[in-house]
$ cat entry-v2.tsv   # TSV, C-alpha atoms and all ligand atoms
chain	number	residue	atom	x	y	z
A	21	MET	CA	40.47	-89.78	86.51
A	22	THR	CA	39.33	-88.65	89.98
A	23	ARG	CA	35.88	-87.16	89.97
A	24	ILE	CA	35.51	-83.43	90.47
A	25	GLY	CA	32.88	-81.66	92.57
A	26	LEU	CA	30.78	-79.30	90.42
A	27	LEU	CA	28.21	-76.90	91.84
A	28	GLN	CA	25.49	-76.27	89.27
A	29	ALA	CA	23.81	-73.00	90.22
A	30	GLY	CA	20.65	-73.31	88.12
A	31	PRO	CA	19.00	-75.47	85.45
A	32	MET	CA	20.88	-75.97	82.19
A	33	MET	CA	20.05	-77.70	78.91
A	34	PRO	CA	20.06	-81.52	79.20
A	35	PHE	CA	22.80	-81.96	76.56
A	36	VAL	CA	25.01	-79.78	78.77
A	37	THR	CA	24.35	-81.60	82.04
A	38	GLU	CA	24.70	-85.00	80.35
A	39	GLN	CA	28.27	-84.07	79.50
A	40	PHE	CA	29.02	-83.26	83.15
A	41	SER	CA	28.17	-86.77	84.38
A	42	PRO	CA	31.28	-88.73	83.23
A	43	THR	CA	33.70	-86.34	84.98
A	44	PHE	CA	31.89	-84.34	87.62
A	45	ASP	CA	29.89	-85.03	90.75
A	46	VAL	CA	27.12	-82.50	90.23
A	47	HIS	CA	25.50	-80.70	93.19
A	48	ARG	CA	22.31	-78.90	92.19
A	49	LEU	CA	22.23	-75.72	94.26
A	50	TRP	CA	18.85	-74.44	93.10
A	51	GLU	CA	17.14	-77.67	94.16
A	52	ALA	CA	18.55	-77.69	97.71
A	53	THR	CA	15.87	-77.18	100.35
A	54	ASP	CA	18.48	-75.36	102.40
A	55	PRO	CA	21.41	-74.12	100.27
A	56	ASP	CA	23.41	-73.36	103.45
A	57	VAL	CA	23.20	-76.96	104.59
A	58	LEU	CA	24.24	-78.20	101.14
A	59	LEU	CA	27.20	-75.82	100.99
A	60	GLU	CA	28.24	-76.80	104.51
A	61	LYS	CA	28.25	-80.45	103.44
A	62	ILE	CA	29.89	-80.30	100.01
A	63	GLY	CA	31.69	-76.91	100.00
A	64	ALA	CA	35.19	-78.37	100.36
A	65	ASP	CA	34.63	-80.83	97.45
A	66	VAL	CA	33.60	-78.20	94.95
A	67	GLN	CA	36.26	-77.18	92.44
A	68	ALA	CA	34.00	-75.89	89.71
A	69	ILE	CA	30.78	-73.91	89.31
A	70	ALA	CA	28.51	-73.93	86.25
A	71	THR	CA	26.21	-70.93	86.28
A	72	GLY	CA	23.99	-68.63	84.23
A	73	ALA	CA	22.62	-65.18	84.93
A	74	GLN	CA	20.00	-66.42	87.46
A	75	THR	CA	22.28	-66.89	90.49
A	76	ALA	CA	24.74	-64.42	91.99
A	77	VAL	CA	28.16	-66.04	92.24
A	78	ASP	CA	29.50	-63.52	94.71
A	79	ALA	CA	32.23	-63.47	97.34
A	80	ARG	CA	29.79	-64.80	99.95
A	81	LEU	CA	29.24	-67.96	97.88
A	82	MET	CA	32.80	-68.43	96.64
A	83	GLU	CA	34.25	-67.98	100.15
A	84	ARG	CA	32.42	-71.15	101.17
A	85	LEU	CA	34.18	-73.16	98.46
A	86	PRO	CA	37.86	-73.20	99.54
A	87	ASN	CA	38.98	-75.42	96.62
A	88	LEU	CA	37.11	-73.56	93.88
A	89	LYS	CA	39.19	-73.22	90.69
A	90	ILE	CA	36.77	-72.31	87.90
A	91	VAL	CA	33.41	-70.60	87.40
A	92	ALA	CA	32.03	-71.40	83.93
A	93	ASN	CA	29.36	-68.85	83.03
A	94	PHE	CA	26.68	-69.46	80.41
A	95	GLY	CA	26.50	-66.09	78.66
A	96	VAL	CA	28.93	-63.51	77.39
A	97	GLY	CA	27.81	-61.13	80.13
A	98	TYR	CA	29.05	-62.21	83.55
A	99	ASP	CA	27.84	-59.39	85.77
A	100	SER	CA	26.26	-61.94	88.11
A	101	VAL	CA	29.76	-63.28	88.90
A	102	ASP	CA	32.17	-61.27	91.04
A	103	ALA	CA	35.04	-61.78	88.59
A	104	ARG	CA	37.30	-59.29	90.33
A	105	TRP	CA	37.07	-61.19	93.61
A	106	ALA	CA	37.61	-64.45	91.73
A	107	GLY	CA	40.72	-63.05	90.04
A	108	GLU	CA	42.13	-61.90	93.38
A	109	HIS	CA	41.65	-65.42	94.73
A	110	GLY	CA	43.14	-67.33	91.79
A	111	ILE	CA	39.77	-68.54	90.50
A	112	ILE	CA	39.23	-68.56	86.73
A	113	VAL	CA	35.94	-67.23	85.34
A	114	THR	CA	34.97	-68.19	81.79
A	115	ASN	CA	32.15	-66.80	79.63
A	116	THR	CA	30.73	-67.60	76.18
A	117	PRO	CA	31.92	-64.89	73.76
A	118	ASP	CA	31.93	-65.00	69.94
A	119	VAL	CA	29.46	-67.88	69.52
A	120	LEU	CA	26.50	-65.54	70.17
A	121	THR	CA	27.74	-62.35	68.49
A	122	GLU	CA	25.90	-62.64	65.18
A	123	GLU	CA	22.68	-63.93	66.80
A	124	VAL	CA	22.49	-61.02	69.24
A	125	ALA	CA	23.24	-58.57	66.42
A	126	ASP	CA	20.46	-60.14	64.28
A	127	THR	CA	18.03	-59.74	67.18
A	128	THR	CA	19.09	-56.12	67.64
A	129	LEU	CA	18.38	-55.27	64.02
A	130	GLY	CA	14.99	-56.96	64.29
A	131	LEU	CA	14.21	-55.08	67.49
A	132	LEU	CA	15.26	-51.78	65.90
A	133	LEU	CA	13.01	-52.36	62.88
A	134	MET	CA	10.12	-53.54	65.06
A	135	THR	CA	10.41	-50.43	67.19
A	136	VAL	CA	10.79	-47.80	64.49
A	137	ARG	CA	8.34	-49.34	62.01
A	138	HIS	CA	5.79	-50.59	64.63
A	139	LEU	CA	6.00	-54.13	63.24
A	140	GLY	CA	4.66	-55.78	66.40
A	141	ALA	CA	1.80	-53.30	66.74
A	142	ALA	CA	0.98	-53.61	63.02
A	143	GLU	CA	0.80	-57.38	63.34
A	144	ARG	CA	-1.46	-57.07	66.39
A	145	TYR	CA	-3.63	-54.69	64.34
A	146	LEU	CA	-4.06	-57.28	61.57
A	147	ARG	CA	-4.78	-60.11	64.01
A	148	ALA	CA	-7.38	-57.95	65.74
A	149	GLY	CA	-9.22	-57.76	62.40
A	150	LYS	CA	-8.78	-54.00	62.04
A	151	TRP	CA	-7.19	-53.93	58.57
A	152	PRO	CA	-10.47	-54.12	56.59
A	153	GLN	CA	-11.65	-50.94	58.35
A	154	ALA	CA	-8.52	-48.88	57.65
A	155	PRO	CA	-4.85	-49.34	56.76
A	156	TYR	CA	-2.40	-49.27	59.65
A	157	PRO	CA	-1.27	-45.66	60.27
A	158	LEU	CA	2.02	-44.49	58.74
A	159	THR	CA	5.00	-44.99	61.03
A	160	PRO	CA	8.34	-43.33	61.76
A	161	SER	CA	11.27	-44.50	59.64
A	162	LEU	CA	14.89	-45.54	59.81
A	163	ARG	CA	15.53	-43.19	56.90
A	164	GLY	CA	17.46	-40.10	57.89
A	165	ARG	CA	18.47	-41.52	61.27
A	166	THR	CA	21.90	-41.70	62.84
A	167	VAL	CA	22.63	-44.59	65.17
A	168	GLY	CA	24.91	-44.24	68.18
A	169	ILE	CA	26.13	-47.52	69.64
A	170	LEU	CA	27.10	-47.54	73.31
A	171	GLY	CA	29.69	-50.32	73.64
A	172	PHE	CA	31.69	-51.11	70.53
A	173	GLY	CA	32.90	-54.61	71.33
A	174	ARG	CA	32.27	-57.68	69.21
A	175	ILE	CA	28.49	-57.35	69.45
A	176	GLY	CA	28.48	-53.57	68.96
A	177	LYS	CA	30.52	-53.95	65.76
A	178	ALA	CA	28.29	-56.75	64.43
A	179	ILE	CA	25.29	-54.46	65.01
A	180	ALA	CA	27.09	-51.62	63.21
A	181	ARG	CA	27.66	-53.84	60.13
A	182	ARG	CA	23.94	-54.56	59.92
A	183	VAL	CA	22.83	-50.98	60.52
A	184	GLU	CA	25.28	-49.66	57.92
A	185	ALA	CA	23.97	-52.24	55.44
A	186	CYS	CA	20.60	-50.48	55.87
A	187	GLY	CA	22.27	-47.24	54.75
A	188	ILE	CA	22.27	-45.68	58.24
A	189	PRO	CA	25.41	-43.92	59.57
A	190	VAL	CA	26.85	-45.25	62.84
A	191	VAL	CA	28.89	-43.56	65.57
A	192	TYR	CA	30.00	-45.12	68.83
A	193	CYS	CA	30.84	-44.43	72.45
A	194	GLY	CA	33.00	-46.62	74.62
A	195	ARG	CA	35.83	-46.59	77.12
A	196	ARG	CA	38.36	-45.77	74.42
A	197	ARG	CA	38.73	-44.87	70.77
A	198	GLN	CA	39.43	-47.93	68.63
A	199	ASP	CA	42.16	-47.56	66.00
A	200	ASP	CA	40.88	-50.23	63.64
A	201	VAL	CA	37.40	-48.77	63.04
A	202	THR	CA	36.25	-45.92	60.80
A	203	GLN	CA	33.13	-44.84	62.70
A	204	PRO	CA	33.29	-41.52	64.60
A	205	TYR	CA	34.06	-41.89	68.32
A	206	TYR	CA	32.55	-40.12	71.33
A	207	ASP	CA	34.11	-40.33	74.76
A	208	SER	CA	30.94	-38.82	76.25
A	209	LEU	CA	27.60	-40.62	76.09
A	210	LEU	CA	25.77	-37.35	76.62
A	211	ALA	CA	27.55	-35.72	73.68
A	212	MET	CA	26.74	-38.73	71.47
A	213	ALA	CA	23.10	-38.70	72.58
A	214	ARG	CA	22.86	-35.02	71.55
A	215	ASP	CA	24.18	-35.84	68.06
A	216	VAL	CA	22.15	-38.98	67.29
A	217	ASP	CA	18.45	-39.87	67.36
A	218	THR	CA	18.82	-43.63	67.83
A	219	LEU	CA	20.82	-45.09	70.71
A	220	ILE	CA	21.67	-48.78	70.86
A	221	VAL	CA	22.97	-50.06	74.19
A	222	ALA	CA	25.42	-52.96	73.81
A	223	VAL	CA	27.57	-52.63	76.92
A	224	PRO	CA	27.82	-55.24	79.68
A	225	GLY	CA	26.15	-54.75	83.06
A	226	GLY	CA	27.98	-54.06	86.33
A	227	ALA	CA	28.95	-51.12	88.51
A	228	GLU	CA	30.79	-49.28	85.73
A	229	THR	CA	27.76	-49.05	83.43
A	230	HIS	CA	24.95	-48.88	86.02
A	231	HIS	CA	22.28	-46.32	84.98
A	232	MET	CA	24.60	-44.78	82.36
A	233	VAL	CA	21.50	-44.09	80.28
A	234	ASN	CA	19.77	-41.65	82.63
A	235	ALA	CA	17.18	-38.87	82.33
A	236	GLN	CA	19.75	-36.43	80.95
A	237	VAL	CA	20.90	-38.81	78.21
A	238	LEU	CA	17.29	-39.58	77.23
A	239	GLU	CA	16.46	-35.89	77.11
A	240	ALA	CA	19.51	-35.31	74.89
A	241	LEU	CA	18.28	-38.03	72.52
A	242	GLY	CA	15.26	-35.84	71.93
A	243	PRO	CA	11.61	-36.20	70.89
A	244	ASN	CA	12.49	-38.24	67.81
A	245	GLY	CA	14.75	-40.46	69.91
A	246	VAL	CA	14.65	-44.24	69.92
A	247	LEU	CA	16.42	-46.30	72.59
A	248	ILE	CA	17.28	-49.94	71.92
A	249	ASN	CA	18.70	-52.00	74.80
A	250	ILE	CA	20.23	-55.39	74.06
A	251	GLY	CA	22.98	-55.16	76.73
A	252	ARG	CA	21.76	-55.27	80.34
A	253	GLY	CA	18.72	-53.77	82.02
A	254	SER	CA	20.90	-52.22	84.71
A	255	VAL	CA	22.53	-49.87	82.16
A	256	VAL	CA	19.28	-47.92	81.74
A	257	ASP	CA	17.56	-46.05	84.57
A	258	GLU	CA	14.20	-47.74	83.95
A	259	ALA	CA	12.18	-45.25	86.01
A	260	ALA	CA	13.71	-42.37	84.04
A	261	LEU	CA	12.97	-44.21	80.80
A	262	ILE	CA	9.33	-44.73	81.75
A	263	SER	CA	8.96	-41.00	82.52
A	264	ALA	CA	10.70	-40.02	79.27
A	265	LEU	CA	8.36	-42.28	77.29
A	266	GLN	CA	5.23	-41.14	79.13
A	267	GLU	CA	6.15	-37.49	78.69
A	268	ARG	CA	7.11	-38.14	75.03
A	269	LYS	CA	10.60	-36.77	75.67
A	270	ILE	CA	11.72	-39.63	73.44
A	271	LEU	CA	9.76	-41.33	70.68
A	272	SER	CA	10.08	-44.97	71.56
A	273	ALA	CA	12.12	-47.81	73.00
A	274	GLY	CA	12.85	-51.42	72.10
A	275	LEU	CA	14.01	-53.47	75.07
A	276	ASP	CA	15.29	-57.04	75.28
A	277	VAL	CA	16.61	-56.62	78.83
A	278	PHE	CA	15.19	-55.18	82.06
A	279	GLU	CA	16.33	-54.13	85.50
A	280	ASP	CA	14.50	-56.90	87.38
A	281	GLU	CA	14.03	-59.80	84.95
A	282	PRO	CA	11.66	-61.51	84.42
A	283	ASN	CA	9.57	-58.75	86.00
A	284	VAL	CA	8.73	-55.97	83.54
A	285	PRO	CA	7.13	-52.78	84.91
A	286	GLN	CA	3.42	-52.58	84.10
A	287	ALA	CA	3.98	-48.99	82.95
A	288	LEU	CA	6.11	-50.32	80.06
A	289	ILE	CA	3.65	-53.10	79.23
A	290	ASP	CA	0.86	-50.52	79.11
A	291	MET	CA	2.66	-48.47	76.46
A	292	GLU	CA	1.67	-49.58	72.98
A	293	HIS	CA	4.54	-47.64	71.37
A	294	VAL	CA	7.39	-49.56	73.01
A	295	VAL	CA	8.60	-53.02	71.99
A	296	LEU	CA	9.38	-55.51	74.75
A	297	LEU	CA	11.15	-58.84	74.27
A	298	PRO	CA	11.75	-61.44	77.02
A	299	HIS	CA	15.60	-61.42	76.84
A	300	VAL	CA	15.86	-63.46	73.66
A	301	GLY	CA	18.98	-61.85	72.15
A	302	SER	CA	20.91	-65.12	71.91
A	303	ALA	CA	17.96	-67.46	72.36
A	304	SER	CA	18.00	-69.67	69.26
A	305	VAL	CA	18.58	-73.41	69.46
A	306	HIS	CA	21.74	-73.07	67.35
A	307	THR	CA	23.33	-70.36	69.47
A	308	ARG	CA	22.26	-71.61	72.88
A	309	GLN	CA	23.75	-75.01	71.99
A	310	ALA	CA	27.04	-73.37	71.01
A	311	MET	CA	27.04	-71.42	74.29
A	312	GLY	CA	26.26	-74.56	76.30
A	313	GLN	CA	29.03	-76.48	74.57
A	314	LEU	CA	31.50	-73.74	75.41
A	315	VAL	CA	30.55	-74.00	79.09
A	316	VAL	CA	31.19	-77.76	78.91
A	317	ASP	CA	34.44	-77.36	76.99
A	318	ASN	CA	35.82	-74.87	79.51
A	319	LEU	CA	35.01	-77.27	82.36
A	320	LYS	CA	36.47	-80.23	80.45
A	321	ALA	CA	39.66	-78.25	79.80
A	322	PHE	CA	39.97	-77.67	83.55
A	323	ALA	CA	39.35	-81.37	84.29
A	324	ALA	CA	42.10	-82.30	81.81
A	325	GLY	CA	44.54	-79.78	83.30
A	326	LYS	CA	44.47	-77.72	80.10
A	327	PRO	CA	44.10	-73.92	79.83
A	328	PRO	CA	40.53	-72.59	79.81
A	329	LEU	CA	39.22	-71.66	76.36
A	330	THR	CA	37.59	-68.34	77.18
A	331	PRO	CA	38.77	-66.83	80.48
A	332	VAL	CA	37.52	-63.30	81.17
A	333	THR	CA	39.97	-60.39	81.41
A	334	GLU	CA	39.73	-60.12	85.21
A	335	THR	CA	41.01	-63.70	85.63
A	336	PRO	CA	43.97	-64.32	83.28
A	337	PHE	CA	45.10	-67.96	83.29
A	338	LYS	CA	48.42	-68.64	84.99
A	339	GLY	CA	48.02	-72.38	85.60
A	340	TRP	CA	45.58	-74.47	87.63
B	401	LIG	C1	21.72	-65.06	77.75
B	401	LIG	C2	23.07	-62.93	77.63
B	401	LIG	O1	20.34	-64.88	77.61
B	401	LIG	O2	25.12	-63.83	76.96
B	401	LIG	C3	24.54	-63.00	77.65
B	401	LIG	O3	25.16	-62.19	78.35
B	401	LIG	O4	22.49	-62.03	78.13
B	401	LIG	C4	22.28	-63.95	76.96
B	401	LIG	O5	22.94	-64.45	75.86
B	401	LIG	C5	21.93	-65.18	79.20
B	401	LIG	O6	23.25	-65.20	79.50
B	401	LIG	C6	21.26	-66.44	79.69
B	401	LIG	O7	21.57	-66.72	80.98

$ encode --input "entry-v2.tsv" --output "structure tokens"
Amino acid sequence: MTRIGLLQAGPMMPFVTEQFSPTFDVHRLWEATDPDVLLEKIGADVQAIATGAQTAVDARLMERLPNLKIVANFGVGYDSVDARWAGEHGIIVTNTPDVLTEEVADTTLGLLLMTVRHLGAAERYLRAGKWPQAPYPLTPSLRGRTVGILGFGRIGKAIARRVEACGIPVVYCGRRRQDDVTQPYYDSLLAMARDVDTLIVAVPGGAETHHMVNAQVLEALGPNGVLINIGRGSVVDEAALISALQERKILSAGLDVFEDEPNVPQALIDMEHVVLLPHVGSASVHTRQAMGQLVVDNLKAFAAGKPPLTPVTETPFKGW
């Protein structure tokens, strides 16, 4: 089999890169002293890109790779890849759906409980030796809450199953009403935010969802409101969220994603009543291995002339 040029945008797990070696000539973009010089030299050889969220795979990059056929993205969210441009230019983009759904939903439930019941703060209290002086103060509760899920795809539904198992009613907001679900639907995020006190964000990033959760939505959530974001940092107007938290317009927030990762605003870090996780939604060994294998399997399918396993909707497969 002729070897195929693969541009690897950033570091990946060793068991992933080891599987590239038999088939692909790997060019490590993030290690290049001058990426422009590297792209000038190898651009015409590159037929495949392996990438994660760290590097923008935009038109400017893809234009320099005239024989590019596939961009295999590590992650279900592919907002760092310009999939529309790829689709218009016959390039397939693949992502890693399904294999992370349950993990991300588990993390969301944990984050929700941590946030409402102060579990992180209570643990810090014990470790600081404060328990012998006084019990940890009573906390808010999940009891009596209604959860609104923004984005009712595979992950949103897996979150709903868990929340409902806790005895909490769920409603949802998305682009369209789904016929095969029983939960009440809102076509307006603002209307949903007025009716619920707990908002879970599970939509992808990108232009369509940018700053959807703004000052108005947070205000509508109200003083008992809890915001959980497991989707993308860009969906929430972070400055508006900081103000809403500081002014106690909402009760609290639990965030796994941020606008400028890995940089988290000091104002959030300084607030004891918010819970902050370093984007660990899918980050277990089990799930990250399954995601990595799916990246490899999509690239191997391309190398074997077979259809990709998980092309994204913007780039339907019509042949290599
Ligand atoms: C990963 C994610 O942390 O799948 C996604 O969209 O956000 C996470 O599972 C991320 O993709 C790692 O690059």

$ closest_atom_pairs --input "entry-v2.tsv" --of "chain A" --to "ligand LIG 401 (chain B)" --cutoff "10 Å" --atoms "all atoms listed in the file" --output "Markdown table"
| residue | atom | partner | partner_atom | distance |
| --- | --- | --- | --- | --- |
| A:Gly30 | CA | B:LIG401 | O7 | 9.8 |
| A:Met32 | CA | B:LIG401 | O7 | 9.4 |
| A:Thr71 | CA | B:LIG401 | O7 | 8.2 |
| A:Gly72 | CA | B:LIG401 | O7 | 4.5 |
| A:Ala73 | CA | B:LIG401 | O7 | 4.4 |
| A:Gln74 | CA | B:LIG401 | O7 | 6.7 |
| A:Thr75 | CA | B:LIG401 | O7 | 9.5 |
| A:Asn93 | CA | B:LIG401 | O6 | 7.9 |
| A:Phe94 | CA | B:LIG401 | O6 | 5.5 |
| A:Gly95 | CA | B:LIG401 | O2 | 3.1 |
| A:Val96 | CA | B:LIG401 | O2 | 3.8 |
| A:Gly97 | CA | B:LIG401 | O3 | 3.4 |
| A:Tyr98 | CA | B:LIG401 | O3 | 6.5 |
| A:Asp99 | CA | B:LIG401 | O3 | 8.4 |
| A:Ser100 | CA | B:LIG401 | O6 | 9.7 |
| A:Asn115 | CA | B:LIG401 | O2 | 8.1 |
| A:Thr116 | CA | B:LIG401 | O2 | 6.8 |
| A:Pro117 | CA | B:LIG401 | O2 | 7.6 |
| A:Asp118 | CA | B:LIG401 | O2 | 9.9 |
| A:Val119 | CA | B:LIG401 | O2 | 9.5 |
| A:Leu120 | CA | B:LIG401 | O5 | 6.8 |
| A:Thr121 | CA | B:LIG401 | O2 | 9.0 |
| A:Glu123 | CA | B:LIG401 | O5 | 9.1 |
| A:Val124 | CA | B:LIG401 | O5 | 7.5 |
| A:Val223 | CA | B:LIG401 | O3 | 10.0 |
| A:Pro224 | CA | B:LIG401 | O3 | 7.6 |
| A:Gly225 | CA | B:LIG401 | O3 | 8.9 |
| A:Ile250 | CA | B:LIG401 | O4 | 8.1 |
| A:Gly251 | CA | B:LIG401 | O4 | 7.0 |
| A:Arg252 | CA | B:LIG401 | O4 | 7.1 |
| A:Gly253 | CA | B:LIG401 | O4 | 9.9 |
| A:Asp276 | CA | B:LIG401 | O4 | 9.2 |
| A:Val277 | CA | B:LIG401 | O4 | 8.0 |
| A:Pro298 | CA | B:LIG401 | O1 | 9.3 |
| A:His299 | CA | B:LIG401 | O1 | 5.9 |
| A:Val300 | CA | B:LIG401 | O1 | 6.1 |
| A:Gly301 | CA | B:LIG401 | O5 | 6.0 |
| A:Ser302 | CA | B:LIG401 | O5 | 4.5 |
| A:Ala303 | CA | B:LIG401 | O1 | 6.3 |
| A:Ser304 | CA | B:LIG401 | O5 | 9.8 |
| A:Thr307 | CA | B:LIG401 | O5 | 8.7 |
| A:Arg308 | CA | B:LIG401 | O5 | 7.8 |
| A:Met311 | CA | B:LIG401 | O5 | 8.2 |

$ atom_distance --input "entry-v2.tsv" --atom1 "atom CA of A:Arg268" --atom2 "atom CA of A:Ile289"
15.9 Å

$ atom_distance --input "entry-v2.tsv" --atom1 "atom CA of A:Ala29" --atom2 "atom CA of A:Met82"
12.0 Å

$ atom_distance --input "entry-v2.tsv" --atom1 "atom CA of A:Tyr206" --atom2 "atom CA of A:Val190"
11.4 Å

$ residues_around --input "entry-v2.tsv" --residues "A:Asn318" --least-positions-apart "2" --cutoff "8 Å" --atoms "all atoms listed in the file" --output "PyMOL selection string"
chain A and resi 92+114+314-316+320-322+328-330

$ closest_residue --input "entry-v2.tsv" --among "A:Arg104, A:Arg137, A:His47, A:Arg84" --to "A:Val295" --atoms "all atoms listed in the file"
A:Arg137

$ residues_around --input "entry-v2.tsv" --residues "A:Leu158" --least-positions-apart "4" --cutoff "12 Å" --atoms "only C-alpha atoms" --output "PDB file with C-alpha atoms, keeping the file's coordinate frame"
ATOM      1  CA  VAL A 136      10.790 -47.800  64.490  1.00  0.00           C
ATOM      2  CA  ARG A 137       8.340 -49.340  62.010  1.00  0.00           C
ATOM      3  CA  HIS A 138       5.790 -50.590  64.630  1.00  0.00           C
ATOM      4  CA  LEU A 139       6.000 -54.130  63.240  1.00  0.00           C
ATOM      5  CA  ALA A 141       1.800 -53.300  66.740  1.00  0.00           C
ATOM      6  CA  ALA A 142       0.980 -53.610  63.020  1.00  0.00           C
ATOM      7  CA  ALA A 154      -8.520 -48.880  57.650  1.00  0.00           C
TER       8      ALA A 154
END

$ closest_residue --input "entry-v2.tsv" --among "A:Lys326, A:Met212, A:Glu334, A:Ile270" --to "A:Glu239" --atoms "only C-alpha atoms"
A:Ile270

$ closest_residue --input "entry-v2.tsv" --among "A:Asp317, A:Ala273, A:Gly168, A:Thr335" --to "A:Asp102" --atoms "all atoms listed in the file"
A:Thr335

$ decode --input "entry-v2.tsv" --residues "stretch 178-193 of chain A" --atoms "N, CA and C atoms" --output "compact mmCIF listing (two decimals), in the first residue's frame"
# COMPACT_ATOMS: atom_id res chain seq x y z
N ALA A 178 -29.02 11.59 27.35
CA ALA A 178 -28.38 10.75 28.39
C ALA A 178 -28.37 11.50 29.72
N ILE A 179 -28.21 12.81 29.67
CA ILE A 179 -28.28 13.62 30.90
C ILE A 179 -29.71 13.56 31.45
N ALA A 180 -30.69 13.70 30.56
CA ALA A 180 -32.10 13.68 30.99
C ALA A 180 -32.42 12.38 31.73
N ARG A 181 -31.93 11.25 31.20
CA ARG A 181 -32.22 9.96 31.86
C ARG A 181 -31.71 9.96 33.30
N ARG A 182 -30.52 10.51 33.49
CA ARG A 182 -29.94 10.53 34.84
C ARG A 182 -30.70 11.49 35.77
N VAL A 183 -31.03 12.66 35.23
CA VAL A 183 -31.71 13.66 36.06
C VAL A 183 -33.09 13.14 36.46
N GLU A 184 -33.77 12.52 35.50
CA GLU A 184 -35.11 11.97 35.80
C GLU A 184 -35.02 10.84 36.82
N ALA A 185 -33.93 10.08 36.77
CA ALA A 185 -33.75 9.01 37.77
C ALA A 185 -33.63 9.60 39.18
N CYS A 186 -33.22 10.86 39.26
CA CYS A 186 -33.15 11.55 40.57
C CYS A 186 -34.51 12.13 40.96
N GLY A 187 -35.53 11.91 40.14
CA GLY A 187 -36.87 12.40 40.46
C GLY A 187 -37.09 13.85 40.07
N ILE A 188 -36.28 14.36 39.16
CA ILE A 188 -36.36 15.79 38.78
C ILE A 188 -36.96 15.88 37.37
N PRO A 189 -38.02 16.70 37.18
CA PRO A 189 -38.58 16.84 35.83
C PRO A 189 -37.64 17.57 34.87
N VAL A 190 -37.68 17.16 33.61
CA VAL A 190 -36.79 17.72 32.58
C VAL A 190 -37.62 18.29 31.43
N VAL A 191 -37.22 19.47 30.96
CA VAL A 191 -37.75 20.03 29.71
C VAL A 191 -36.55 20.32 28.83
N TYR A 192 -36.79 20.61 27.56
CA TYR A 192 -35.63 20.85 26.69
C TYR A 192 -35.91 21.95 25.67
N CYS A 193 -34.79 22.48 25.17
CA CYS A 193 -34.84 23.49 24.11
C CYS A 193 -33.82 23.10 23.06
